[in-house]
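Enquirer: Following this line is final_28.txt, made up of compact mmCIF, C-alpha atoms:
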# COMPACT_ATOMS: atom_id res chain seq x y z
CA MET A 1 -23.81 4.06 3.90
CA ILE A 2 -23.75 3.91 0.12
CA THR A 3 -23.69 0.35 -1.22
CA LEU A 4 -22.25 -0.23 -4.69
CA THR A 5 -23.02 -3.69 -6.04
CA PRO A 6 -20.89 -4.39 -9.11
CA LYS A 7 -22.52 -5.56 -12.27
CA GLU A 8 -20.42 -7.69 -14.65
CA GLN A 9 -16.86 -6.34 -14.67
CA PRO A 10 -15.78 -5.22 -18.16
CA GLU A 11 -12.75 -6.55 -20.01
CA VAL A 12 -11.36 -3.01 -20.20
CA PRO A 13 -10.87 -1.77 -16.59
CA ILE A 14 -12.89 1.09 -15.18
CA GLU A 15 -11.47 3.85 -12.97
CA ILE A 16 -13.53 5.25 -10.10
CA ASP A 17 -11.31 7.89 -8.49
CA THR A 18 -14.39 10.16 -8.62
CA ILE A 19 -16.19 7.88 -6.13
CA THR A 20 -14.96 8.68 -2.61
CA PRO A 21 -16.65 9.70 0.65
CA ASP A 22 -15.53 13.26 -0.20
CA SER A 23 -17.31 13.28 -3.55
CA LEU A 24 -20.48 11.46 -2.40
CA ALA A 25 -21.13 13.41 0.80
CA GLY A 26 -24.36 15.39 0.66
CA LYS A 27 -25.47 13.97 -2.70
CA THR A 28 -28.73 12.20 -3.51
CA ILE A 29 -28.82 8.66 -4.87
CA ASP A 30 -29.71 9.94 -8.35
CA GLU A 31 -26.79 12.36 -8.29
CA ILE A 32 -24.45 9.56 -7.24
CA LYS A 33 -25.71 7.24 -9.97
CA ASN A 34 -24.81 9.85 -12.56
CA ILE A 35 -21.29 10.67 -11.36
CA PRO A 36 -19.00 10.04 -14.35
CA ILE A 37 -16.34 7.33 -14.14
CA LEU A 38 -13.68 6.50 -16.69
CA HIS A 39 -14.02 3.48 -18.98
CA GLY A 40 -11.53 3.14 -21.79
CA ASN A 41 -11.09 6.53 -23.45
CA GLY A 42 -14.47 7.90 -22.38
CA GLN A 43 -16.74 8.53 -19.42
CA VAL A 44 -19.88 6.69 -18.36
CA PRO A 45 -22.20 7.15 -15.36
CA LEU A 46 -21.46 5.09 -12.26
CA ALA A 47 -24.79 3.28 -12.63
CA GLU A 48 -23.63 1.62 -15.84
CA PHE A 49 -21.37 -0.71 -13.84
CA PHE A 50 -22.84 -0.57 -10.30
CA GLU A 51 -26.18 -0.84 -8.59
CA VAL A 52 -26.36 2.08 -6.16
CA GLU A 53 -28.32 2.04 -2.90
CA GLY A 54 -28.33 3.78 0.48
CA GLU A 55 -27.81 7.29 1.72
CA ALA A 56 -24.69 9.45 1.83
CA GLY A 57 -23.69 11.33 4.97
CA ALA A 58 -23.60 15.09 5.19
CA THR A 59 -19.79 15.08 5.29
CA ALA A 60 -17.03 12.79 4.08
CA ALA A 61 -16.32 11.68 7.65
CA GLU A 62 -19.97 10.58 7.97
CA THR A 63 -19.99 8.69 4.67
CA LYS A 64 -19.15 5.02 4.23
CA ILE A 65 -18.98 3.22 0.89
CA LEU A 66 -19.47 -0.53 0.67
CA ILE A 67 -18.46 -2.17 -2.61
CA ASP A 68 -20.30 -5.44 -2.26
CA GLY A 69 -18.47 -7.85 -4.56
CA ASP A 70 -15.35 -8.53 -6.58
CA VAL A 71 -14.03 -5.57 -8.57
CA SER A 72 -10.87 -7.01 -10.09
CA GLN A 73 -11.31 -4.75 -13.14
CA THR A 74 -11.83 -1.55 -11.14
CA LYS A 75 -8.92 0.83 -10.52
CA ARG A 76 -8.26 3.81 -8.25
CA ILE A 77 -10.68 2.97 -5.45
CA GLY A 78 -10.42 5.62 -2.75
CA GLN A 79 -7.84 7.68 -4.60
CA GLY A 80 -7.22 10.99 -2.83
CA MET A 81 -9.86 10.45 -0.14
CA THR A 82 -9.47 12.53 3.02
CA ALA A 83 -12.05 11.01 5.40
CA GLY A 84 -14.78 8.37 5.74
CA GLU A 85 -14.60 4.67 5.00
CA ILE A 86 -14.53 2.34 2.01
CA THR A 87 -14.92 -1.42 2.37
CA VAL A 88 -14.51 -3.78 -0.58
CA LYS A 89 -15.82 -7.33 -0.27
CA GLY A 90 -13.57 -8.79 -2.96
CA ASN A 91 -10.44 -8.18 -5.02
CA VAL A 92 -9.43 -4.81 -6.47
CA ASN A 93 -7.29 -3.65 -9.35
CA MET A 94 -4.45 -1.11 -9.30
CA TYR A 95 -4.03 2.12 -7.29
CA VAL A 96 -6.36 1.40 -4.36
CA GLY A 97 -5.75 4.16 -1.81
CA ALA A 98 -3.39 6.08 -4.09
CA GLU A 99 -2.72 9.62 -2.83
CA MET A 100 -4.97 8.89 0.16
CA GLU A 101 -4.89 11.58 2.87
CA GLY A 102 -7.28 10.24 5.52
CA GLY A 103 -10.01 7.78 6.37
CA LEU A 104 -9.99 3.99 6.18
CA ILE A 105 -10.01 1.57 3.25
CA THR A 106 -10.45 -2.16 3.88
CA VAL A 107 -10.02 -4.66 1.04
CA GLU A 108 -11.30 -8.10 1.98
CA GLY A 109 -9.47 -9.74 -0.94
CA ASN A 110 -6.31 -9.13 -2.98
CA ALA A 111 -5.01 -5.87 -4.45
CA ASN A 112 -3.11 -5.35 -7.68
CA ALA A 113 -0.05 -3.10 -8.05
CA TRP A 114 0.50 0.42 -6.69
CA ALA A 115 -1.69 0.10 -3.58
CA GLY A 116 -1.22 3.21 -1.46
CA GLN A 117 0.91 4.94 -4.08
CA ASN A 118 2.05 8.37 -2.77
CA MET A 119 -0.17 7.87 0.28
CA ARG A 120 -0.07 10.81 2.71
CA GLY A 121 -2.42 9.75 5.53
CA GLY A 122 -5.23 7.47 6.60
CA GLU A 123 -5.18 3.70 6.79
CA LEU A 124 -5.28 1.03 4.10
CA GLU A 125 -5.79 -2.60 5.11
CA ILE A 126 -5.58 -5.47 2.59
CA LEU A 127 -6.67 -8.80 4.00
CA GLY A 128 -5.25 -10.80 1.09
CA ASP A 129 -2.13 -10.37 -1.07
CA ALA A 130 -0.82 -7.23 -2.77
CA GLY A 131 1.10 -6.69 -5.99
CA ASP A 132 4.21 -4.66 -6.80
CA TYR A 133 5.00 -1.10 -5.64
CA VAL A 134 2.90 -0.91 -2.48
CA GLY A 135 3.39 2.54 -0.91
CA ALA A 136 5.72 3.50 -3.76
CA SER A 137 6.16 6.70 -5.74
CA TYR A 138 4.63 7.50 -9.10
CA ARG A 139 6.85 6.54 -12.04
CA GLY A 140 9.62 9.13 -12.42
CA ASP A 141 8.92 10.70 -9.02
CA TRP A 142 11.15 10.38 -5.95
CA ARG A 143 8.48 10.91 -3.28
CA GLY A 144 6.61 7.80 -2.27
CA MET A 145 4.38 7.16 0.71
CA SER A 146 4.84 9.97 3.27
CA GLY A 147 2.24 9.21 5.94
CA GLY A 148 -0.52 6.90 7.09
CA LYS A 149 -0.45 3.16 7.57
CA ILE A 150 -0.72 0.21 5.19
CA THR A 151 -1.21 -3.33 6.46
CA ILE A 152 -1.07 -6.34 4.13
CA HIS A 153 -2.15 -9.58 5.77
CA GLY A 154 -0.86 -11.78 2.94
CA ASN A 155 2.18 -11.55 0.67
CA ALA A 156 3.46 -8.66 -1.45
CA LYS A 157 5.56 -8.54 -4.59
CA SER A 158 8.53 -6.37 -5.65
CA GLU A 159 9.74 -2.85 -4.81
CA ILE A 160 7.30 -2.11 -2.01
CA ALA A 161 7.99 1.14 -0.07
CA GLU A 162 10.01 2.49 -3.01
CA TYR A 163 11.10 6.06 -2.17
CA MET A 164 9.12 5.84 1.07
CA ASN A 165 9.27 9.14 2.98
CA GLY A 166 7.14 8.42 6.04
CA GLY A 167 4.35 6.41 7.58
CA LYS A 168 4.30 2.70 8.31
CA LEU A 169 3.94 -0.29 5.99
CA ILE A 170 3.45 -3.77 7.46
CA VAL A 171 3.48 -7.02 5.47
CA LYS A 172 2.50 -10.08 7.47
CA GLY A 173 3.56 -12.51 4.73
CA ASP A 174 6.52 -12.77 2.35
CA VAL A 175 7.82 -10.24 -0.16
CA SER A 176 9.79 -10.51 -3.37
CA ILE A 177 12.82 -8.39 -4.33
CA MET A 178 13.91 -4.88 -3.38
CA PRO A 179 11.60 -3.91 -0.53
CA GLY A 180 12.47 -0.40 0.67
CA ILE A 181 14.46 0.51 -2.44
CA HIS A 182 15.45 4.22 -2.37
CA MET A 183 13.72 4.52 1.02
CA ASN A 184 14.24 7.87 2.78
CA ASN A 185 12.12 7.71 5.92
CA GLY A 186 9.31 5.79 7.60
CA VAL A 187 9.01 2.22 8.83
CA LEU A 188 8.69 -1.00 6.82
CA ILE A 189 8.00 -4.19 8.78
CA ILE A 190 8.08 -7.56 6.99
CA GLU A 191 6.99 -10.47 9.13
CA GLY A 192 7.77 -13.12 6.49
CA ASN A 193 10.70 -13.84 4.18
CA VAL A 194 12.47 -11.63 1.63
CA ILE A 195 14.02 -12.92 -1.59
CA ALA A 196 16.72 -10.29 -2.17
CA ARG A 197 18.13 -6.74 -2.02
CA ALA A 198 16.19 -5.28 0.88
CA GLY A 199 16.92 -1.57 1.33
CA GLY A 200 18.80 -1.15 -1.92
CA GLU A 201 20.07 2.48 -2.12
CA MET A 202 18.06 3.45 0.95
CA ALA A 203 19.15 6.76 2.50
CA GLY A 204 17.09 6.63 5.69
CA GLY A 205 14.18 5.00 7.46
CA THR A 206 13.89 1.65 9.20
CA ILE A 207 13.24 -1.84 7.83
CA VAL A 208 12.48 -4.76 10.14
CA ILE A 209 12.56 -8.28 8.67
CA LYS A 210 11.37 -11.08 10.92
CA GLY A 211 11.79 -13.86 8.37
CA ILE A 212 14.68 -15.17 6.27
CA ILE A 213 16.56 -13.03 3.74
CA ASP A 214 17.84 -15.15 0.86
CA GLU A 215 20.29 -12.53 -0.47
CA PHE A 216 21.58 -9.47 1.40
CA LEU A 217 23.34 -6.45 -0.11
CA ALA A 218 26.98 -5.71 0.60
CA GLY A 219 26.52 -1.96 1.14
CA PHE A 220 25.45 -2.23 4.78
CA GLU A 221 27.60 -1.89 7.89
CA TYR A 222 27.06 -4.54 10.56
CA LEU A 223 26.40 -2.96 13.97
CA GLY A 224 25.87 -6.05 16.10
CA VAL A 225 22.89 -7.80 17.69
CA GLU A 226 20.03 -6.08 19.50
CA LYS A 227 17.23 -7.72 21.43
CA ASP A 228 13.61 -6.57 21.80
CA ILE A 229 14.08 -3.59 19.52
CA GLU A 230 11.96 -0.46 19.83
CA VAL A 231 10.70 1.10 16.59
CA GLU A 232 8.59 4.26 16.89
CA GLY A 233 7.44 3.36 20.36
CA GLU A 234 6.63 -0.27 19.50
CA VAL A 235 8.72 -3.02 21.07
CA ILE A 236 9.39 -5.90 18.66
CA PRO A 237 10.53 -8.96 20.60
CA GLY A 238 13.39 -11.18 19.49
CA ALA A 239 17.05 -10.93 18.57
CA PHE A 240 18.00 -8.96 15.45
CA TYR A 241 21.15 -8.26 13.47
CA LYS A 242 21.43 -4.49 13.00
CA PHE A 243 22.81 -2.96 9.81
CA LYS A 244 23.29 0.64 8.61
CA GLY A 245 23.39 1.78 4.99
CA ASP A 246 23.02 1.53 2.06
CA TYR A 247 26.50 3.01 1.63
CA ALA A 248 25.95 3.01 -2.10
CA ILE A 249 24.29 6.33 -1.16
CA LYS A 250 26.55 9.03 0.30
CA GLY A 251 25.65 9.82 3.91
CA ALA A 252 23.09 7.03 4.16
CA SER A 253 21.64 6.38 7.60
CA GLY A 254 19.04 3.71 6.91
CA ILE A 255 18.66 0.89 9.42
CA ILE A 256 17.79 -2.74 8.71
CA TYR A 257 16.97 -5.13 11.52
CA ALA A 258 17.10 -8.75 10.38
CA ALA A 259 16.04 -11.60 12.65
CA VAL A 260 18.94 -13.65 13.94
CA ALA A 261 16.95 -16.85 13.54
CA GLY A 262 17.56 -18.24 10.07
CA ASN A 263 19.87 -15.44 8.93
CA ALA A 264 23.33 -16.53 10.10
CA HIS A 265 24.44 -16.43 6.45
CA ILE A 266 24.16 -12.61 6.31
CA ALA A 267 26.13 -11.88 9.52
CA PRO A 268 29.90 -11.19 9.28
Please go through the file and, once you have read it, give me the structure as structure tokens.
Expert:
Amino acid sequence: MITLTPKEQPEVPIEIDTITPDSLAGKTIDEIKNIPILHGNGQVPLAEFFEVEGEAGATAAETKILIDGDVSQTKRIGQGMTAGEITVKGNVNMYVGAEMEGGLITVEGNANAWAGQNMRGGELEILGDAGDYVGASYRGDWRGMSGGKITIHGNAKSEIAEYMNGGKLIVKGDVSIMPGIHMNNGVLIIEGNVIARAGGEMAGGTIVIKGIIDEFLAGFEYLGVEKDIEVEGEVIPGAFYKFKGDYAIKGASGIIYAAVAGNAHIAP
């Protein structure tokens, strides 16, 4: 394990996409200390902002990184990693797990926006809350999360699973507006409440909402009530209204399951 203990976090965020199990595997402590990270418009060695201890594994799969403290001003943790583990004992800034292909990232606090952006594999677990655009695409792109699994134990903000193309995203708390916007494939499960416009312009994929939806879009066809639904081999108990759409998109075949309890206002 390599332990990174953050020194005082700077006012201008740092970006550590160069610090992954892939990049640390097989390196000495001195080599790791001198890996350049981005701060502002220049590069500085990792040791300028972190105490570095431990020993890296021979391969990425054998390497674990522990960030032992709050890193609210640190972006791009675990970006592009393919194997190994990263654990953060605190909050993180934007882009945690972006473009991740494998391995495991655990954040024991909150995450800022763009967590799991364009994620292709692996697992990202956030024990606190998450910001906007979880599992979403890069700005101007139409290919969001395509594989892997993201679990948020708290709440999430707006436009999560935007342009989602695969994988599974689970939010155990509430979300704000437009979850699953432009969704094409994959599974989004929201165990809490949704403010508005779930599945806006979705073309495919499945959204399950166990809580209350304040405002539901008109572009969905009501297909009736189903009980104990099965989604990718997992049985989700309860009674759910089933909708297909969003027919704002030609040929759309997205499915939204909304819990019957508390959602009588969205049924025909």
Enquirer: Go ahead and compute the interatomic distance for atom CA of A:Arg120 and atom CA of A:Gly186, in Å to one decimal.
Expert: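 Taking atom CA of A:Arg120 as the start and atom CA of A:Gly186 as the end point, the length is 11.7 Å.
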Enquirer: Here is a test: counting all atoms listed in the file, which residue of A:Met202, A:Ile212, A:Ala267, A:Ala156 is nearest to A:Lys244?
Expert: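 Checking each of A:Met202, A:Ile212, A:Ala267, A:Ala156 against A:Lys244, counting all atoms listed in the file, the winner is A:Met202.
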Enquirer: Interatomic distance between atom CA of A:Ile77 and atom CA of A:Asn185?
Expert: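 Calculated distance between atom CA of A:Ile77 and atom CA of A:Asn185 is 25.9 Å.
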Enquirer: Counting all atoms listed in the file, which of A:Gln79, A:Thr87, A:Gln9, A:Gln73 gets nearest to A:Ala115?
Expert: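 Of A:Gln79, A:Thr87, A:Gln9, A:Gln73, the one nearest A:Ala115 is A:Gln79, counting all atoms listed in the file.
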Enquirer: I'd like the neighbourhood of A:Glu232 as a compact mmCIF listing (two decimals) with C-alpha atoms, in the coordinates of the input, where a residue qualifies if any of its atoms comes within 10 Å (using only C-alpha atoms), though same-chain residues fewer than 4 positions away should be ignored.
Expert:
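Writing done, so here's part_38.txt:
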# COMPACT_ATOMS: atom_id res chain seq x y z
CA LYS A 168 4.30 2.70 8.31
CA GLY A 186 9.31 5.79 7.60
CA VAL A 187 9.01 2.22 8.83
CA THR A 206 13.89 1.65 9.20
Enquirer: Which is closest to A:Glu15 among A:Pro45, A:Gly205, A:Gly219, A:Gly254, if we use all atoms listed in the file?
Expert: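 Selected residue with least distance to A:Glu15: A:Pro45.
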Enquirer: Rank A:Val107, A:Ala161, A:Val235, A:Val175 by their smallest atom-to-atom distance to A:Gly200, using all atoms listed in the file, and report the top residue only.
Expert: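 For A:Gly200, the nearest of the given residues is A:Ala161.
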Enquirer: May I have the protein, DNA and RNA residues with an atom at most 10 Å from (-13.1, -0.4, -26.1), counting only C-alpha atoms in the file's coordinates, returned as a short mmCIF file (atom, residue, chain, number, x, y, z; two decimals) with C-alpha atoms, keeping the file's coordinate frame?
Expert:
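Generated file (result_26.cif):
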data_model
loop_
_atom_site.label_atom_id
_atom_site.label_comp_id
_atom_site.auth_asym_id
_atom_site.auth_seq_id
_atom_site.Cartn_x
_atom_site.Cartn_y
_atom_site.Cartn_z
CA PRO A 10 -15.78 -5.22 -18.16
CA GLU A 11 -12.75 -6.55 -20.01
CA VAL A 12 -11.36 -3.01 -20.20
CA PRO A 13 -10.87 -1.77 -16.59
CA HIS A 39 -14.02 3.48 -18.98
CA GLY A 40 -11.53 3.14 -21.79
CA ASN A 41 -11.09 6.53 -23.45
CA GLY A 42 -14.47 7.90 -22.38
#
Enquirer: What's the 10 Å shell around A:Ala98, counting only C-alpha atoms, without same-chain residues fewer than 3 positions away, as an mmCIF file with C-alpha atoms, in the coordinates of the input?
Expert:
data_model
loop_
_atom_site.group_PDB
_atom_site.id
_atom_site.type_symbol
_atom_site.label_atom_id
_atom_site.label_comp_id
_atom_site.auth_asym_id
_atom_site.auth_seq_id
_atom_site.Cartn_x
_atom_site.Cartn_y
_atom_site.Cartn_z
ATOM 1 C CA ASP A 17 -11.310 7.890 -8.490
ATOM 2 C CA LYS A 75 -8.920 0.830 -10.520
ATOM 3 C CA ARG A 76 -8.260 3.810 -8.250
ATOM 4 C CA ILE A 77 -10.680 2.970 -5.450
ATOM 5 C CA GLY A 78 -10.420 5.620 -2.750
ATOM 6 C CA GLN A 79 -7.840 7.680 -4.600
ATOM 7 C CA GLY A 80 -7.220 10.990 -2.830
ATOM 8 C CA MET A 81 -9.860 10.450 -0.140
ATOM 9 C CA MET A 94 -4.450 -1.110 -9.300
ATOM 10 C CA TYR A 95 -4.030 2.120 -7.290
ATOM 11 C CA GLU A 101 -4.890 11.580 2.870
ATOM 12 C CA TRP A 114 0.500 0.420 -6.690
ATOM 13 C CA ALA A 115 -1.690 0.100 -3.580
ATOM 14 C CA GLY A 116 -1.220 3.210 -1.460
ATOM 15 C CA GLN A 117 0.910 4.940 -4.080
ATOM 16 C CA ASN A 118 2.050 8.370 -2.770
ATOM 17 C CA MET A 119 -0.170 7.870 0.280
ATOM 18 C CA ARG A 120 -0.070 10.810 2.710
ATOM 19 C CA LEU A 124 -5.280 1.030 4.100
ATOM 20 C CA VAL A 134 2.900 -0.910 -2.480
ATOM 21 C CA GLY A 135 3.390 2.540 -0.910
ATOM 22 C CA ALA A 136 5.720 3.500 -3.760
ATOM 23 C CA SER A 137 6.160 6.700 -5.740
ATOM 24 C CA TYR A 138 4.630 7.500 -9.100
ATOM 25 C CA MET A 145 4.380 7.160 0.710
#
Enquirer: With distances taken over all atoms listed in the file, which of A:Glu31, A:Phe49, A:Ala60, A:Gly180 is nearest to A:Met1?
Expert: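 Between A:Glu31, A:Phe49, A:Ala60, A:Gly180, the residue approaching A:Met1 most closely is A:Ala60.
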Enquirer: Considering only C-alpha atoms, can you say which of A:Val171, A:Val231, A:Ile236, A:Ile266 comes closest to A:Glu215?
Expert: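 Among the listed residues, the smallest separation from A:Glu215 belongs to A:Ile266.
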Enquirer: Mind checking which residues fall within 8 Å of A:Thr5, counting all atoms listed in the file, ignoring those fewer than 2 positions away in the same chain, and posting them as an NGL selection string?
Expert: :A and (3 or 7 or 50-52 or 67-69)
Enquirer: If I take atom CA of A:Gly238 and atom CA of A:Gly262, how far is one from the other in Å, to one decimal?
Expert: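 Pair atom CA of A:Gly238 / atom CA of A:Gly262 returns 12.5 Å.
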